[in-house]
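Structure file work15.cif (mmCIF, C-alpha atoms and all ligand atoms) is printed below.
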```
data_work
loop_
_atom_site.label_atom_id
_atom_site.label_comp_id
_atom_site.auth_asym_id
_atom_site.auth_seq_id
_atom_site.Cartn_x
_atom_site.Cartn_y
_atom_site.Cartn_z
CA MET A 1 -1.39 -12.61 26.12
CA SER A 2 1.58 -10.80 24.62
CA VAL A 3 1.56 -10.97 20.84
CA PRO A 4 4.87 -11.05 18.94
CA SER A 5 5.27 -8.40 16.24
CA PRO A 6 4.49 -9.76 12.76
CA LEU A 7 7.64 -7.93 11.64
CA THR A 8 9.59 -10.90 13.01
CA ARG A 9 7.95 -12.92 10.21
CA LEU A 10 9.60 -10.75 7.53
CA PRO A 11 13.06 -11.80 6.33
CA ASP A 12 15.84 -9.68 7.76
CA HIS A 13 16.91 -7.51 4.82
CA LYS A 14 18.29 -4.00 5.20
CA LEU A 15 15.62 -2.85 2.74
CA THR A 16 12.25 -4.62 2.70
CA LEU A 17 11.11 -5.10 -0.90
CA GLY A 18 7.50 -5.00 -2.00
CA LEU A 19 5.62 -4.83 -5.28
CA PHE A 20 2.71 -2.42 -5.61
CA LEU A 21 0.37 -4.58 -7.67
CA PRO A 22 -1.44 -3.09 -10.68
CA MET A 23 -4.84 -4.06 -9.24
CA GLN A 24 -6.64 -1.19 -10.92
CA GLN A 25 -6.96 -0.64 -14.64
CA GLY A 26 -4.03 1.57 -15.70
CA ALA A 27 -2.23 0.98 -12.40
CA TRP A 28 -0.55 4.24 -11.39
CA SER A 29 -0.31 6.09 -14.67
CA PRO A 30 -3.10 7.89 -16.56
CA SER A 31 -1.21 7.35 -19.82
CA THR A 32 -2.04 5.40 -22.95
CA ALA A 33 1.60 4.63 -23.83
CA PRO A 34 1.79 0.98 -24.96
CA ARG A 35 2.18 -1.68 -22.25
CA SER A 36 1.09 -5.19 -21.27
CA THR A 37 -0.08 -4.26 -17.76
CA SER A 38 -3.55 -5.47 -16.91
CA TRP A 39 -5.87 -5.47 -13.90
CA THR A 40 -7.03 -9.07 -14.57
CA PHE A 41 -6.50 -11.68 -11.89
CA ASP A 42 -4.38 -13.77 -14.24
CA TYR A 43 -1.95 -10.87 -14.72
CA ILE A 44 -1.93 -10.01 -10.99
CA ALA A 45 -1.20 -13.67 -10.18
CA ARG A 46 1.69 -13.76 -12.67
CA CYS A 47 3.20 -10.61 -11.13
CA THR A 48 2.82 -12.01 -7.61
CA ARG A 49 4.30 -15.41 -8.39
CA ARG A 50 7.21 -13.87 -10.26
CA ALA A 51 7.84 -11.43 -7.40
CA GLU A 52 7.87 -14.35 -4.98
CA GLU A 53 10.35 -16.29 -7.16
CA LEU A 54 12.58 -13.22 -7.29
CA GLY A 55 12.57 -13.00 -3.49
CA PHE A 56 10.28 -10.01 -2.91
CA ASP A 57 8.96 -9.82 0.65
CA LEU A 58 5.46 -8.58 -0.04
CA VAL A 59 2.86 -7.55 -2.59
CA PHE A 60 0.25 -4.89 -1.98
CA GLY A 61 -3.18 -4.20 -3.44
CA LEU A 62 -4.88 -0.84 -3.07
CA ALA A 63 -8.64 -0.30 -3.04
CA GLN A 64 -10.74 2.57 -4.29
CA TRP A 65 -14.43 2.88 -5.02
CA LEU A 66 -14.94 4.66 -8.31
CA GLY A 67 -17.98 5.37 -10.43
CA LYS A 68 -18.68 4.27 -14.00
CA GLY A 69 -15.66 4.97 -16.17
CA GLY A 70 -13.29 5.24 -13.19
CA TYR A 71 -11.29 8.46 -13.44
CA GLY A 72 -12.54 8.73 -17.02
CA GLY A 73 -10.74 9.48 -20.25
CA ASP A 74 -10.41 7.09 -23.17
CA MET A 75 -8.70 4.58 -20.90
CA HIS A 76 -11.41 4.55 -18.20
CA PHE A 77 -8.54 4.94 -15.77
CA ARG A 78 -8.88 2.63 -12.74
CA GLU A 79 -12.45 1.58 -13.60
CA HIS A 80 -11.84 -2.16 -13.20
CA GLU A 81 -10.44 -3.76 -10.09
CA VAL A 82 -10.88 -7.25 -8.69
CA ASP A 83 -11.49 -6.74 -4.99
CA PRO A 84 -8.04 -7.08 -3.40
CA ILE A 85 -9.14 -9.10 -0.35
CA ILE A 86 -10.75 -11.68 -2.65
CA ALA A 87 -7.71 -11.58 -4.94
CA ASN A 88 -5.43 -12.18 -1.94
CA ALA A 89 -7.49 -15.19 -0.85
CA ALA A 90 -6.83 -16.72 -4.25
CA LEU A 91 -3.18 -15.60 -4.33
CA SER A 92 -2.52 -17.21 -0.96
CA SER A 93 -3.17 -20.61 -2.53
CA LEU A 94 -0.84 -19.85 -5.45
CA THR A 95 2.10 -18.70 -3.33
CA LYS A 96 4.15 -19.95 -0.39
CA THR A 97 6.35 -17.26 1.10
CA ILE A 98 5.35 -13.79 -0.03
CA VAL A 99 3.30 -11.59 2.32
CA LEU A 100 -0.03 -10.48 0.81
CA ILE A 101 -1.41 -7.13 1.90
CA ASN A 102 -4.69 -5.62 0.80
CA THR A 103 -6.52 -2.43 1.57
CA VAL A 104 -9.87 -2.28 3.36
CA HIS A 105 -11.93 0.86 4.05
CA VAL A 106 -12.96 -0.09 7.55
CA LEU A 107 -15.53 2.70 7.96
CA TYR A 108 -17.68 1.67 4.99
CA ALA A 109 -20.27 -0.27 6.99
CA TRP A 110 -18.03 -3.10 8.21
CA HIS A 111 -18.35 -4.55 11.69
CA PRO A 112 -14.94 -5.36 13.23
CA LEU A 113 -16.11 -8.91 13.93
CA HIS A 114 -16.65 -9.47 10.19
CA LEU A 115 -13.21 -8.24 9.24
CA ALA A 116 -11.53 -10.02 12.16
CA LYS A 117 -13.15 -13.26 10.99
CA PHE A 118 -12.10 -12.67 7.37
CA GLY A 119 -8.60 -11.82 8.60
CA ALA A 120 -8.35 -14.98 10.68
CA ALA A 121 -9.44 -16.98 7.63
CA MET A 122 -6.92 -15.22 5.39
CA ASP A 123 -4.18 -15.77 7.96
CA HIS A 124 -5.12 -19.46 8.18
CA ILE A 125 -5.23 -20.00 4.40
CA SER A 126 -1.98 -18.10 3.78
CA GLY A 127 -0.05 -19.48 6.75
CA GLY A 128 0.43 -16.14 8.51
CA ARG A 129 1.19 -14.16 5.34
CA TRP A 130 -1.79 -11.82 5.23
CA GLY A 131 -1.97 -8.16 6.14
CA ILE A 132 -4.56 -5.43 6.04
CA ASN A 133 -3.95 -1.84 5.01
CA VAL A 134 -6.49 -0.06 7.18
CA VAL A 135 -7.76 3.04 5.40
CA THR A 136 -10.44 5.46 6.51
CA GLY A 137 -11.48 6.82 3.08
CA TYR A 138 -10.73 10.36 1.98
CA LYS A 139 -13.27 10.59 -0.85
CA PRO A 140 -16.75 11.88 0.05
CA SER A 141 -18.12 10.12 -3.07
CA GLU A 142 -17.09 6.75 -1.64
CA TYR A 143 -19.02 7.31 1.60
CA ARG A 144 -22.08 8.30 -0.44
CA MET A 145 -21.83 5.12 -2.52
CA PHE A 146 -22.46 3.25 0.71
CA GLY A 147 -25.34 5.55 1.69
CA LEU A 148 -23.18 7.17 4.38
CA GLU A 149 -22.27 10.77 5.10
CA PRO A 150 -18.53 11.63 4.87
CA ILE A 151 -16.82 11.76 8.26
CA GLU A 152 -14.53 14.56 9.46
CA HIS A 153 -10.85 13.73 8.92
CA ASP A 154 -9.50 13.31 12.47
CA HIS A 155 -12.71 11.69 13.70
CA ARG A 156 -12.18 8.94 11.12
CA TYR A 157 -9.03 7.90 12.97
CA VAL A 158 -10.85 7.93 16.35
CA MET A 159 -13.28 5.46 14.80
CA ALA A 160 -10.52 3.43 13.16
CA ASP A 161 -8.80 3.18 16.55
CA GLU A 162 -11.89 1.59 18.13
CA PHE A 163 -12.44 -0.67 15.11
CA THR A 164 -8.84 -1.89 15.17
CA THR A 165 -8.80 -2.34 18.95
CA ILE A 166 -11.81 -4.67 18.70
CA MET A 167 -10.15 -6.69 15.90
CA GLU A 168 -6.88 -6.95 17.83
CA ARG A 169 -8.70 -8.18 20.92
CA LEU A 170 -10.75 -10.73 18.95
CA TRP A 171 -7.54 -12.04 17.39
CA SER A 172 -5.44 -12.16 20.53
CA GLU A 173 -7.74 -12.90 23.50
CA ASP A 174 -8.87 -16.37 24.45
CA ASP A 175 -12.19 -15.34 25.91
CA GLU A 176 -15.40 -14.09 24.36
CA LEU A 177 -15.38 -10.31 23.90
CA THR A 178 -18.10 -8.02 25.19
CA PHE A 179 -17.20 -4.48 24.14
CA ASP A 180 -19.30 -1.40 24.68
CA GLY A 181 -17.69 1.07 22.31
CA LYS A 182 -18.78 4.49 21.09
CA PHE A 183 -19.20 3.20 17.55
CA TRP A 184 -19.32 -0.60 17.72
CA LYS A 185 -20.56 -3.04 20.31
CA THR A 186 -20.11 -6.77 20.70
CA GLU A 187 -21.66 -9.22 23.12
CA LYS A 188 -19.77 -12.45 23.71
CA ALA A 189 -18.11 -12.18 20.31
CA PHE A 190 -15.63 -14.96 19.63
CA LEU A 191 -13.32 -16.15 16.87
CA ALA A 192 -12.02 -19.62 16.18
CA PRO A 193 -9.64 -20.21 14.57
CA LYS A 194 -7.51 -17.32 15.71
CA PRO A 195 -4.74 -16.08 13.45
CA GLY A 196 -1.82 -18.48 14.03
CA GLN A 197 0.37 -15.89 15.73
CA ARG A 198 -2.61 -13.92 16.99
CA ARG A 199 -2.00 -10.98 14.68
CA PRO A 200 -2.00 -10.49 10.92
CA PHE A 201 0.18 -7.64 9.59
CA LEU A 202 -1.45 -4.28 10.20
CA VAL A 203 -0.60 -1.53 7.73
CA ASN A 204 -1.53 2.14 7.35
CA ALA A 205 -0.56 4.96 5.00
CA ALA A 206 -1.41 8.11 6.91
CA SER A 207 0.49 11.41 6.87
CA SER A 208 -1.60 13.64 9.14
CA GLY A 209 -1.08 14.02 12.88
CA ALA A 210 -4.21 12.04 13.73
CA GLY A 211 -3.42 9.40 11.11
CA LEU A 212 0.16 8.91 12.21
CA ASP A 213 -0.87 8.70 15.84
CA TYR A 214 -3.28 5.89 14.87
CA ALA A 215 -0.58 4.19 12.79
CA ALA A 216 2.00 4.40 15.57
CA ARG A 217 -0.42 2.72 17.97
CA HIS A 218 -1.65 -0.06 15.69
CA SER A 219 0.35 -0.55 12.49
CA ASP A 220 3.39 -2.70 11.81
CA LEU A 221 4.16 -1.29 8.38
CA ILE A 222 3.60 2.37 7.58
CA PHE A 223 3.54 3.53 3.96
CA ILE A 224 4.97 7.01 3.71
CA THR A 225 4.81 9.67 1.02
CA SER A 226 7.42 12.21 0.04
CA PRO A 227 6.23 15.62 1.28
CA THR A 228 8.25 17.32 -1.47
CA GLY A 229 6.86 15.49 -4.50
CA ALA A 230 8.44 12.92 -6.79
CA ASP A 231 11.94 14.41 -7.24
CA PRO A 232 14.12 11.89 -5.37
CA GLU A 233 16.79 14.46 -4.53
CA LYS A 234 14.30 16.65 -2.68
CA ALA A 235 12.58 13.58 -1.20
CA CYS A 236 15.83 12.30 0.29
CA GLU A 237 16.29 15.67 2.01
CA ALA A 238 12.76 15.66 3.47
CA LEU A 239 12.33 11.98 4.36
CA PRO A 240 14.73 11.70 7.33
CA ALA A 241 12.41 13.98 9.34
CA VAL A 242 9.32 12.03 8.24
CA ASN A 243 10.83 8.69 9.20
CA ALA A 244 12.25 10.00 12.48
CA ARG A 245 8.88 11.43 13.48
CA ILE A 246 7.10 8.12 12.84
CA LYS A 247 9.71 6.05 14.67
CA ALA A 248 9.64 8.46 17.65
CA LEU A 249 5.84 8.24 17.82
CA ALA A 250 5.89 4.44 17.71
CA TYR A 251 8.66 4.37 20.31
CA ARG A 252 6.47 6.45 22.61
CA TYR A 253 3.85 3.69 22.38
CA GLY A 254 6.52 1.03 22.97
CA ARG A 255 6.10 -0.28 19.44
CA GLN A 256 8.31 -1.22 16.53
CA VAL A 257 7.29 -0.18 12.99
CA LYS A 258 8.80 -0.27 9.52
CA THR A 259 8.35 2.63 7.09
CA ILE A 260 7.98 1.86 3.39
CA ILE A 261 7.89 4.20 0.41
CA ASN A 262 6.60 3.39 -3.08
CA PRO A 263 9.00 4.60 -5.78
CA HIS A 264 7.97 4.44 -9.42
CA VAL A 265 10.93 2.73 -11.05
CA ILE A 266 11.77 3.29 -14.71
CA CYS A 267 14.97 1.38 -15.30
CA ARG A 268 16.78 0.71 -18.59
CA ARG A 269 20.30 -0.22 -19.64
CA THR A 270 21.19 3.42 -20.32
CA GLU A 271 19.99 6.57 -18.63
CA MET A 272 18.97 7.97 -22.00
CA GLU A 273 16.65 5.00 -22.64
CA ALA A 274 15.12 5.34 -19.18
CA ARG A 275 14.51 9.07 -19.65
CA LYS A 276 12.95 8.36 -23.05
CA ALA A 277 10.59 5.80 -21.47
CA TYR A 278 9.62 8.44 -18.88
CA GLN A 279 8.91 10.97 -21.65
CA THR A 280 6.83 8.44 -23.59
CA ILE A 281 4.52 7.99 -20.59
CA LEU A 282 4.12 11.77 -20.29
CA GLU A 283 3.60 12.35 -24.01
CA ASN A 284 0.76 9.81 -24.03
CA GLU A 285 -1.09 11.25 -21.04
CA ASP A 286 -4.83 10.72 -21.05
CA THR A 287 -5.68 14.33 -20.26
CA VAL A 288 -9.19 13.78 -18.92
CA ALA A 289 -8.13 10.87 -16.70
CA ALA A 290 -5.08 12.81 -15.44
CA ASP A 291 -7.17 15.92 -14.66
CA ASN A 292 -9.70 13.88 -12.69
CA PHE A 293 -7.00 11.86 -10.92
CA VAL A 294 -5.14 14.99 -9.76
CA GLN A 295 -8.36 16.75 -8.83
CA THR A 296 -9.31 13.98 -6.39
CA PHE A 297 -6.16 14.49 -4.40
CA VAL A 298 -5.95 18.28 -4.43
CA SER A 299 -9.63 18.66 -3.49
CA GLY A 300 -9.68 16.00 -0.74
CA ASP A 301 -8.65 16.27 2.89
CA THR A 302 -5.73 13.85 2.57
CA ALA A 303 -2.42 15.02 4.02
CA SER A 304 -0.42 12.73 1.71
CA TRP A 305 0.79 13.46 -1.82
CA ARG A 306 0.54 17.22 -1.32
CA GLY A 307 3.86 18.01 -3.04
CA HIS A 308 3.26 16.21 -6.34
CA SER A 309 2.87 18.23 -9.56
CA ARG A 310 0.35 17.39 -12.28
CA ALA A 311 3.07 15.91 -14.54
CA GLN A 312 4.27 13.78 -11.64
CA TRP A 313 0.75 12.40 -11.25
CA VAL A 314 0.79 11.27 -14.89
CA ILE A 315 3.77 9.03 -14.09
CA GLY A 316 2.13 8.19 -10.77
CA GLY A 317 3.41 6.79 -7.53
CA ASN A 318 5.68 8.44 -5.05
CA VAL A 319 9.33 9.27 -5.77
CA HIS A 320 10.34 8.74 -9.40
CA LEU A 321 13.54 6.75 -9.89
CA VAL A 322 14.68 6.89 -13.51
CA GLY A 323 17.97 5.50 -14.73
CA THR A 324 20.30 2.54 -15.08
CA PRO A 325 20.30 -0.39 -12.63
CA THR A 326 23.30 1.17 -10.85
CA GLN A 327 21.53 4.50 -10.52
CA ILE A 328 18.33 2.87 -9.20
CA VAL A 329 20.29 0.99 -6.54
CA GLU A 330 22.09 4.19 -5.56
CA TRP A 331 18.71 5.81 -5.01
CA PHE A 332 17.53 2.82 -2.97
CA GLY A 333 20.64 3.27 -0.82
CA ARG A 334 19.85 6.94 -0.34
CA LEU A 335 16.24 6.16 0.60
CA SER A 336 17.57 3.66 3.12
CA ASP A 337 19.98 6.30 4.47
CA ALA A 338 17.00 8.65 4.75
CA GLY A 339 15.45 6.20 7.21
CA CYS A 340 13.09 4.26 4.91
CA ASP A 341 12.97 0.60 5.94
CA GLY A 342 11.55 -0.57 2.66
CA VAL A 343 10.54 0.20 -0.91
CA GLN A 344 7.41 -1.00 -2.58
CA VAL A 345 8.04 -0.48 -6.27
CA ASN A 346 5.56 0.53 -8.95
CA PHE A 347 6.23 -0.05 -12.62
CA PHE A 348 4.61 1.22 -15.80
CA ASP A 349 4.72 -2.07 -17.70
CA TYR A 350 4.68 -4.55 -14.88
CA LEU A 351 5.78 -7.98 -16.12
CA PRO A 352 8.62 -6.88 -18.42
CA ASP A 353 9.77 -4.20 -15.97
CA LEU A 354 9.68 -6.73 -13.11
CA GLU A 355 11.72 -9.19 -15.16
CA PHE A 356 14.37 -6.56 -15.94
CA PHE A 357 14.39 -5.50 -12.28
CA GLY A 358 14.94 -9.12 -11.23
CA SER A 359 17.84 -9.74 -13.57
CA GLU A 360 19.60 -6.35 -13.44
CA VAL A 361 18.66 -4.48 -10.25
CA LEU A 362 18.26 -7.20 -7.61
CA PRO A 363 21.83 -8.53 -7.94
CA LEU A 364 23.14 -5.00 -7.45
CA MET A 365 20.92 -4.54 -4.39
CA LYS A 366 22.60 -7.62 -2.93
CA GLN A 367 26.06 -6.29 -3.77
CA ALA A 368 25.13 -3.02 -2.08
CA GLY A 369 24.08 -4.88 1.08
CA LEU A 370 20.45 -3.81 0.76
CA ARG A 371 19.30 -7.41 0.26
CA ARG A 372 20.86 -10.59 1.50
C1 LIG A 401 1.25 3.92 -0.49
C2 LIG A 401 -0.15 4.38 -0.19
C3 LIG A 401 -1.21 3.55 -0.46
C4 LIG A 401 -2.53 3.95 -0.21
N1 LIG A 401 -3.55 3.14 -0.53
C5 LIG A 401 -4.83 3.58 -0.38
C6 LIG A 401 -5.90 2.79 -0.83
O1 LIG A 401 -5.72 1.68 -1.34
N2 LIG A 401 -7.16 3.28 -0.68
C7 LIG A 401 -7.40 4.51 -0.10
O2 LIG A 401 -8.57 4.90 0.00
N3 LIG A 401 -6.39 5.27 0.35
C8 LIG A 401 -5.12 4.83 0.20
N4 LIG A 401 -4.09 5.62 0.62
C9 LIG A 401 -4.39 6.91 1.28
C10 LIG A 401 -4.24 6.83 2.79
O3 LIG A 401 -5.09 5.87 3.32
C11 LIG A 401 -4.53 8.15 3.47
O4 LIG A 401 -5.86 8.54 3.28
C12 LIG A 401 -3.70 9.25 2.92
O5 LIG A 401 -2.38 8.84 2.84
C13 LIG A 401 -3.88 10.53 3.71
O6 LIG A 401 -3.38 10.44 5.00
P1 LIG A 401 -4.18 11.13 6.17
O7 LIG A 401 -5.47 10.39 6.32
O8 LIG A 401 -3.30 11.02 7.36
O9 LIG A 401 -4.44 12.57 5.77
C14 LIG A 401 -2.77 5.23 0.37
C15 LIG A 401 -1.69 6.07 0.67
C16 LIG A 401 -0.39 5.66 0.39
C17 LIG A 401 0.74 6.58 0.73
#
```
Could I get this structure in the form of structure tokens?
Ligand SMILES: Cc1cc2nc3c(=O)[nH]c(=O)nc-3n(C[C@H](O)[C@H](O)[C@H](O)COP(=O)(O)O)c2cc1C
Amino acid sequence: MSVPSPLTRLPDHKLTLGLFLPMQQGAWSPSTAPRSTSWTFDYIARCTRRAEELGFDLVFGLAQWLGKGGYGGDMHFREHEVDPIIANAALSSLTKTIVLINTVHVLYAWHPLHLAKFGAAMDHISGGRWGINVVTGYKPSEYRMFGLEPIEHDHRYVMADEFTTIMERLWSEDDELTFDGKFWKTEKAFLAPKPGQRRPFLVNAASSGAGLDYAARHSDLIFITSPTGADPEKACEALPAVNARIKALAYRYGRQVKTIINPHVICRRTEMEARKAYQTILENEDTVAADNFVQTFVSGDTASWRGHSRAQWVIGGNVHLVGTPTQIVEWFGRLSDAGCDGVQVNFFDYLPDLEFFGSEVLPLMKQAGLRR
């Protein structure tokens, strides 16, 4: 049967708006500057419900498998995280409209039938609001935690393709599925209930050739990174080519996708206050945590985040937007002009920053035609 794109279930705004949830201790920033942000479910639920009230389209939870102490330092950066798929199951009962996306490392000993079943359950509980960010895992240490050997970069996407194909068929086909794959097999596998519209949202965040080819074939939302680091001026010059390449690839497969970038937003009434808040995060860097955090990315085989400097990692996230509400909305407009279909914002101090964003930035986004 032909399956309608889940993108038709997203409201029709010029710029899709998501919140990158602070699922992991310390969220994006290895900095001990004072803040309320917390990894606890209660805090995550408050962020999600407030984002829904403010009209955000989606929230997103990342997943990483870290050892004792996380990335280390005094703050044990990212040590704690409530599993995002479990968190989303609970959040789906606390919310009504917002789309809930969580990350799953599909190559860490999952069978596609398991995840398809979980996905159908999540879709059922949330009323078609669930999505999965399919990641293949770029950290050798994570594979070893599961007793597995790390897998070569491009081969991971060959495996992810088979895994996702099996899930898609289990979700969409009426009959039992017997599949004799290279990596997974099923005999008369069957799912009931199916996801209501036969397909949860599929998300990916690749940058490499193999990763983007996978994403163009399977994903609905594609998270992109700035190849030139966090400076928004440089990012806006580089991103049109990134977005055009992804859209062309998807077009070749006859598919529609939306690209979303995650800016770190530091917004205050005056530019001077915003710049001061930026400096405060930097001045309170947790050096050990920051060193370890950066090291993971520069030593891994990931094609994303290659252009970010060490200082930019201390702030965290993708492009850094620092300024007044007017300036932030101007940057959103420029990201939109650069071909980004959405922004998924990170904050340093989530609840107060989200509140300020809701009262000062969102109305200007509407005035600018970015939101209805
Ligand atoms: C916005 C964003 C979110 C991501 N979330 C996760 C995550 O939760 N867990 C993870 O292991 N990797 C995550 N990644 C990394 C990607 O899955 C991927 O490994 C990386 O972007 C490298 O792309 P490549 O595999 O094409 O080289 C994320 C990347 C981006 C840009």
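If one restricts the calculation to only C-alpha atoms and all ligand atoms, the set of residues situated within 6 Å of ligand LIG 401 (chain A) consists of Leu62, Ala63, Gln64, Thr103, Val135, Gly137, Tyr138, Ala205, Ala206, Ser207, Ser208, Gly211, Phe223, Ile224, Thr225, Asn262, Thr302, Ala303 and Ser304 of chain A.
When only C-alpha atoms are used to measure the gap to Asp291 in chain A, the shortest distance among A:Gly128, A:Phe77, A:Ala189, A:Pro4 belongs to A:Phe77.
Our summary of the geometry notes that CA of Ala250 in chain A is positioned 11.1 Å from CA of Leu221 in chain A.
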Could you list, with a cut-off of 10 Å and counting only C-alpha atoms, the residues of range 65-119 of chain A near range 40-53 of chain A, each shown with its nearest atom pair and the distance in Å rounded to one decimal, rows sorted by chain and ascending number, as a Markdown table?
```
| residue | atom | partner | partner_atom | distance |
| --- | --- | --- | --- | --- |
| A:His80 | CA | A:Thr40 | CA | 8.5 |
| A:Glu81 | CA | A:Thr40 | CA | 7.7 |
| A:Val82 | CA | A:Phe41 | CA | 7.0 |
| A:Asp83 | CA | A:Phe41 | CA | 9.8 |
| A:Pro84 | CA | A:Phe41 | CA | 9.8 |
| A:Ala87 | CA | A:Phe41 | CA | 7.1 |
| A:Asn88 | CA | A:Ala45 | CA | 9.4 |
| A:Ala90 | CA | A:Ala45 | CA | 8.7 |
| A:Leu91 | CA | A:Ala45 | CA | 6.5 |
| A:Ser92 | CA | A:Ala45 | CA | 10.0 |
| A:Leu94 | CA | A:Arg49 | CA | 7.4 |
| A:Thr95 | CA | A:Arg49 | CA | 6.4 |
| A:Lys96 | CA | A:Glu52 | CA | 8.1 |
| A:Thr97 | CA | A:Glu52 | CA | 6.9 |
| A:Ile98 | CA | A:Glu52 | CA | 5.6 |
| A:Val99 | CA | A:Glu52 | CA | 9.0 |
| A:Leu100 | CA | A:Thr48 | CA | 9.0 |
```
Using all atoms listed in the file: which of A:Ala210, A:Ala289, A:Met145, A:Leu115 has the shortest distance to Ile166 in chain A: A:Leu115
Take every atom of range 336-351 of chain A listed in the file, pad by 3 Å on each side, and give me the axis-aligned box centre and edge lengths in Å, one decimal, as lines of an AutoDock Vina configuration file.
```
center_x = 12.3
center_y = 0.3
center_z = -5.2
size_x = 21.4
size_y = 22.6
size_z = 30.9
```
Counting all atoms listed in the file, the option among A:Val158, A:Ala33, A:Leu54, A:Ile246 closest to Glu355 in chain A: A:Leu54
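Among A:Asn243, A:Thr280, A:Thr165, A:Asn133, the residue with the shortest atom-to-atom distance to Asp337 in chain A, counting only C-alpha atoms, is A:Asn243.
Nearest to Ser336 in chain A of all the residues A:Ala27, A:Val288, A:Val361, A:Leu239 is A:Leu239, counting all atoms listed in the file.
Between CA of Leu15 in chain A and CA of Asn102 in chain A lies a distance of 20.6 Å.
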What lies within 10 Å of Tyr157 in chain A using all atoms listed in the file, ignoring chain neighbours under 3 positions off, as a tab-separated table (two decimals) with C-alpha atoms, keeping the file's coordinate frame?
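Okay, this is what ended up in out.tsv:
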```
chain	number	residue	atom	x	y	z
A	107	LEU	CA	-15.53	2.70	7.96
A	135	VAL	CA	-7.76	3.04	5.40
A	136	THR	CA	-10.44	5.46	6.51
A	151	ILE	CA	-16.82	11.76	8.26
A	152	GLU	CA	-14.53	14.56	9.46
A	153	HIS	CA	-10.85	13.73	8.92
A	154	ASP	CA	-9.50	13.31	12.47
A	160	ALA	CA	-10.52	3.43	13.16
A	161	ASP	CA	-8.80	3.18	16.55
A	162	GLU	CA	-11.89	1.59	18.13
A	163	PHE	CA	-12.44	-0.67	15.11
A	206	ALA	CA	-1.41	8.11	6.91
A	210	ALA	CA	-4.21	12.04	13.73
A	211	GLY	CA	-3.42	9.40	11.11
A	212	LEU	CA	0.16	8.91	12.21
A	213	ASP	CA	-0.87	8.70	15.84
A	214	TYR	CA	-3.28	5.89	14.87
A	215	ALA	CA	-0.58	4.19	12.79
```
Phe356 in chain A environment, 9 Å, only C-alpha atoms, sequence neighbours closer than 4 positions dropped, as a ChimeraX atom specification: /A:267-268,351-352,360-361
Dump of C-alpha atoms for the selected residues, as a compact mmCIF listing (two decimals), in the coordinates of the input:
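Written output follows (out28.txt):
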```txt
# COMPACT_ATOMS: atom_id res chain seq x y z
CA CYS A 267 14.97 1.38 -15.30
CA ARG A 268 16.78 0.71 -18.59
CA LEU A 351 5.78 -7.98 -16.12
CA PRO A 352 8.62 -6.88 -18.42
CA GLU A 360 19.60 -6.35 -13.44
CA VAL A 361 18.66 -4.48 -10.25
```
From (-6.8, -11.0, 20.9), in the file's coordinates, out to 9 Å: which residues are reached, counting all atoms listed in the file? Answer as a short mmCIF file (atom, residue, chain, number, x, y, z; two decimals) with C-alpha atoms, in the frame of the given file.
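File produced: part-v5.cif:
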```
data_model
loop_
_atom_site.label_atom_id
_atom_site.label_comp_id
_atom_site.auth_asym_id
_atom_site.auth_seq_id
_atom_site.Cartn_x
_atom_site.Cartn_y
_atom_site.Cartn_z
CA MET A 1 -1.39 -12.61 26.12
CA VAL A 3 1.56 -10.97 20.84
CA ILE A 166 -11.81 -4.67 18.70
CA MET A 167 -10.15 -6.69 15.90
CA GLU A 168 -6.88 -6.95 17.83
CA ARG A 169 -8.70 -8.18 20.92
CA LEU A 170 -10.75 -10.73 18.95
CA TRP A 171 -7.54 -12.04 17.39
CA SER A 172 -5.44 -12.16 20.53
CA GLU A 173 -7.74 -12.90 23.50
CA ASP A 174 -8.87 -16.37 24.45
CA ASP A 175 -12.19 -15.34 25.91
CA LYS A 194 -7.51 -17.32 15.71
CA ARG A 198 -2.61 -13.92 16.99
CA ARG A 199 -2.00 -10.98 14.68
#
```
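Every protein or nucleic acid residue with an atom no more than 8 Å from Pro150 in chain A, counting only C-alpha atoms and leaving out same-chain residues fewer than 3 positions away, appears here: Lys139, Pro140, Tyr143 and Arg144 of chain A.
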Distance criterion (all atoms listed in the file): nearest to Gly196 in chain A out of A:Ser126, A:Ser29, A:Thr324, A:Ser36: A:Ser126
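One finds CA of His264 in chain A at 12.1 Å from CA of Pro22 in chain A.
The list of residues with at least one atom within 8 Å of Gln344 in chain A, based on only C-alpha atoms and without residues fewer than 5 positions apart in the same chain, reads A:Leu17, A:Gly18, A:Leu19, A:Phe20, A:Val59, A:Ile260, A:Ile261, A:Asn262, A:Pro263.
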